[in-house]
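Structure first, commentary second.
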Amino acid sequence: MADDTENKSLSIIVTKGTLDWAYPPFILATTAASMGLDATLFFTFYGLPLLKKNLDLKVTTLGNPAMEMPMAGGHMKMPNIVGMLPGMDSLATTMMKNLIRKKNVASIEDLREMAREAEVRLIACQMTMDLFEYKPEDMIDGIEYAGAATYIETATQCDVNLYI
Amino acid sequence: MTEPTQDLDLKGLQCPLPILRTKKALKELDSGDVIRVEATDPGSVKDFDSFCNQTGNKMVEQAESDGVYTFTIRKK
C-alpha cells in the first residue's frame with residue numbers, strides 16, 4: 001500500500017484490453033515494482049477482461065489508422081478501410097502474435113504473472129463487473145473488487161498516476 | 001575489474017524483461033554482491049542507469065562489444 005511505506009508509488013487506470021494496449025500497463029507496473037515502487041492497476045471497462053482467467057487477446061486495425069506491420073523489409077499499412085474486411089482482425093492478431101514471439105517480447109500472460117509475483121495491486125472495477133456481467137470465478141485469484149473512491153484514495157497517495 | 005558474484009545472460013530479451021530478471025536475481029544476492037548482466041536490448045543502456053538511480057544499486061561498470069551490453073552492478 002502506498003500509505004504505509006516510504007516507497008514511491010504508481011497507479012494506472014487500465015481502460016483497454018486489446019493485445020497491443022495490454023502491454024503499457026503491465027510493462028510499467030512490473031518495471032515500477034522492480035524499481036521499488038508500490039504499483040496499483042485499476043481495471044475498468046474494456047480493460048477489465050485483462051483480469052480474466054483465460055486471456056484471448058486480439059488486435060484490431062480499426063481506430064488505429066497509423067498501424068503498420070513490418071513486411072518483407074518494409075512496412076505494410078493497415079488502414080481502417082482494410083480493417084473492415086472480414087478476417088482482418090484475426091490476420092492482424094496472428095501477425096502481431098508472430099512478431100511478439102519472433103522478437104522475444106514477453107507475453108501478456110507472463111507479464112501478468114510477473115505483476116502478481118511482484119505484488120502489484122490489481123483492482124477490478126466492481127461496476128464494470130456488474131455492467132458486463134462478469135463473475136469473480138471468471139477472474140484470476142488474488143485481485144480486489146472496488147470502485148472509484150478506492151482508486152481516488154490510492155491516487156492521492158501515489159507519486160505517478162496514469163490513464164491508459 | 002570487479003569480479004561478479006553472479007553472471008546473468010539476458011541476450012535477446014526485450015524491455016521490460018532485462019530489468020525484471022535483473023531485479024529478481026538481485027533479490028537473491030547479499031548487499032555488496034556484484035552481478036554482471038549481458039543484454040542486447042539497446043534501450044537497456046539508459047534503462048539500467050535509471051534502474052540503478054532509482055533503486056540505489058551501484059553501476060560499477062558499463063561496456064559494449066559487438067552489440068552486447070555488459071552492466072556490472074553492486075547491490076545496495
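Please note that chains go A, B, ... in the order of the C-alpha cells, that every chain numbers its residues from 1, and that ligands are numbered from 1 in the order shown.
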Got a sec: who's within 6 Å of Gly147 in chain A, counting only C-alpha atoms, leaving out chain neighbours fewer than 2 positions off, as an MDAnalysis selection string? chainID A and resid 125:126 149:150
With N, CA and C atoms kept, could you save the residues just selected as a short mmCIF file (atom, residue, chain, number, x, y, z; two decimals), in the first residue's frame?
```cif
data_model
loop_
_atom_site.label_atom_id
_atom_site.label_comp_id
_atom_site.auth_asym_id
_atom_site.auth_seq_id
_atom_site.Cartn_x
_atom_site.Cartn_y
_atom_site.Cartn_z
N CYS A 125 -12.78 -3.13 -11.37
CA CYS A 125 -13.88 -2.18 -11.17
C CYS A 125 -15.18 -2.97 -10.97
N GLN A 126 -15.75 -2.83 -9.77
CA GLN A 126 -16.96 -3.60 -9.45
C GLN A 126 -18.14 -3.23 -10.36
N ALA A 149 -13.99 5.42 -5.48
CA ALA A 149 -13.45 6.02 -4.26
C ALA A 149 -12.13 5.37 -3.86
N THR A 150 -12.06 4.05 -4.04
CA THR A 150 -10.82 3.32 -3.73
C THR A 150 -9.69 3.80 -4.63
#
```
Taking the DSSP assignment computed from this structure's backbone, write out as an MDAnalysis selection string all residues of chain A that belong to helix (DSSP H, G or I). chainID A and resid 2:4 23:34 45:51 80:83 88:102 108:117 126:131 136:138 148:156
Using only C-alpha atoms, determine which residues of chain A fall within 8 Å of chain B; present them as a list in words.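 Result, ordered by chain then number: Ile27, Thr30, Thr31, Ser34, Met35, Gly36, Lys103, Asn104, Val105 and Ala106 of chain A.
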Surrounding residues of Thr40 in chain A excluding itself and chain neighbours under 6 positions, 12 Å, only C-alpha atoms, as an MDAnalysis selection string: chainID A and resid 1:2 8:14 25:26 28:30 32:33 115:116 118:124 143:144 150:155 157:163
With C-alpha atoms retained, export the selected residues as a compact mmCIF listing (two decimals), in the first residue's frame.
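Result file follows (again-v6.txt):
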```
# COMPACT_ATOMS: atom_id res chain seq x y z
CA MET A 1 0.00 0.00 0.00
CA ALA A 2 1.15 3.45 -0.83
CA LYS A 8 7.44 5.84 -4.33
CA SER A 9 4.24 4.64 -5.94
CA LEU A 10 2.44 4.36 -9.26
CA SER A 11 -1.16 3.86 -10.24
CA ILE A 12 -2.61 3.25 -13.68
CA ILE A 13 -6.25 3.18 -14.79
CA VAL A 14 -6.41 0.40 -17.42
CA PRO A 25 0.13 -1.02 -18.09
CA PHE A 26 1.72 -4.41 -17.41
CA LEU A 28 5.05 -0.11 -16.49
CA ALA A 29 3.65 -1.79 -13.39
CA THR A 30 6.16 -4.66 -13.38
CA ALA A 32 7.88 0.11 -11.35
CA ALA A 33 7.69 -2.78 -8.89
CA ALA A 115 2.96 -8.46 -11.84
CA ARG A 116 1.30 -10.81 -9.36
CA ALA A 118 5.83 -8.57 -7.66
CA GLU A 119 2.71 -7.89 -5.58
CA VAL A 120 1.30 -5.31 -7.95
CA ARG A 121 -2.12 -4.45 -6.58
CA LEU A 122 -4.77 -5.49 -9.12
CA ILE A 123 -8.20 -3.91 -8.69
CA ALA A 124 -11.25 -4.89 -10.75
CA ILE A 143 -7.49 -9.42 -7.05
CA GLU A 144 -9.54 -6.78 -5.27
CA THR A 150 -10.82 3.32 -3.73
CA TYR A 151 -9.00 4.46 -6.83
CA ILE A 152 -9.14 8.12 -5.84
CA GLU A 153 -7.83 7.39 -2.35
CA THR A 154 -4.98 5.36 -3.87
CA ALA A 155 -4.23 8.02 -6.47
CA GLN A 157 -1.18 8.79 -2.24
CA CYS A 158 0.70 7.94 -5.44
CA ASP A 159 3.59 9.83 -6.98
CA VAL A 160 2.64 8.84 -10.54
CA ASN A 161 -0.92 8.36 -11.84
CA LEU A 162 -1.58 7.33 -15.43
CA TYR A 163 -4.63 6.61 -17.55
```
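Computed from the coordinates, the CA of Arg36 in chain B to CA of Asp7 in chain B distance equals 4.8 Å.
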The distance between CA of Leu8 in chain B and CA of Ala25 in chain B is 8.1 Å
From CA of Ala39 in chain A to CA of Gly32 in chain B the spacing works out at 26.8 Å
Can you tell me which residues surround Glu109 in chain A at a distance of at most 12 Å, considering only C-alpha atoms, apart from same-chain residues fewer than 4 positions away, and format the answer as a VMD selection string? chain A and resid 19 22 to 23 26 to 27 50 to 57 105 113 to 116 140
Nearest to Asn57 in chain B, chosen from B:Glu3, B:Asp9, B:Asp33, B:Glu28, with only C-alpha atoms counted in the distances: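 When distances to Asn57 in chain B are compared using only C-alpha atoms, the smallest one comes from B:Asp33.
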So which residues touch Glu68 in chain A within 12 Å, counting only C-alpha atoms, skipping near sequence neighbours fewer than 4 positions away, as an NGL selection string? :A and (60-61 or 64 or 74-80 or 92 or 95-96)
Written file, previous selection with C-alpha atoms, as a short mmCIF file (atom, residue, chain, number, x, y, z; two decimals), in the first residue's frame:
```
data_model
loop_
_atom_site.label_atom_id
_atom_site.label_comp_id
_atom_site.auth_asym_id
_atom_site.auth_seq_id
_atom_site.Cartn_x
_atom_site.Cartn_y
_atom_site.Cartn_z
CA THR A 60 -7.83 -4.50 -34.40
CA THR A 61 -6.78 -2.19 -37.18
CA ASN A 64 -5.53 2.51 -35.23
CA GLY A 74 9.34 -2.56 -45.44
CA HIS A 75 6.10 -1.77 -43.65
CA MET A 76 2.59 -2.69 -44.63
CA LYS A 77 0.00 -0.07 -43.82
CA MET A 78 -3.18 -1.29 -42.16
CA PRO A 79 -5.68 1.47 -42.95
CA ASN A 80 -9.15 1.36 -41.44
CA ALA A 92 -3.62 -8.67 -37.72
CA MET A 95 0.79 -11.16 -37.38
CA MET A 96 1.17 -9.40 -34.03
#
```
Would you kindly return, as a list in words, each protein, DNA or RNA residue with an atom no farther than 12 Å from any atom of Ser65 in chain B, considering only C-alpha atoms and excluding same-chain residues fewer than 4 positions away? Glu38, Ala39, Thr40, Pro42, Tyr69, Thr70 and Phe71 of chain B
Nearest to Glu6 in chain A among A:Asp20, A:Val82, A:Ala146, A:Leu37, with distances taken over only C-alpha atoms: which residue is it? A:Leu37
For each of A:Pro24, A:Leu62, A:Gly142, A:Met129, take the minimum atom-to-atom distance to Phe43 in chain A, counting only C-alpha atoms, then give the residue where this is smallest.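 The closest residue to Phe43 in chain A is A:Met129.
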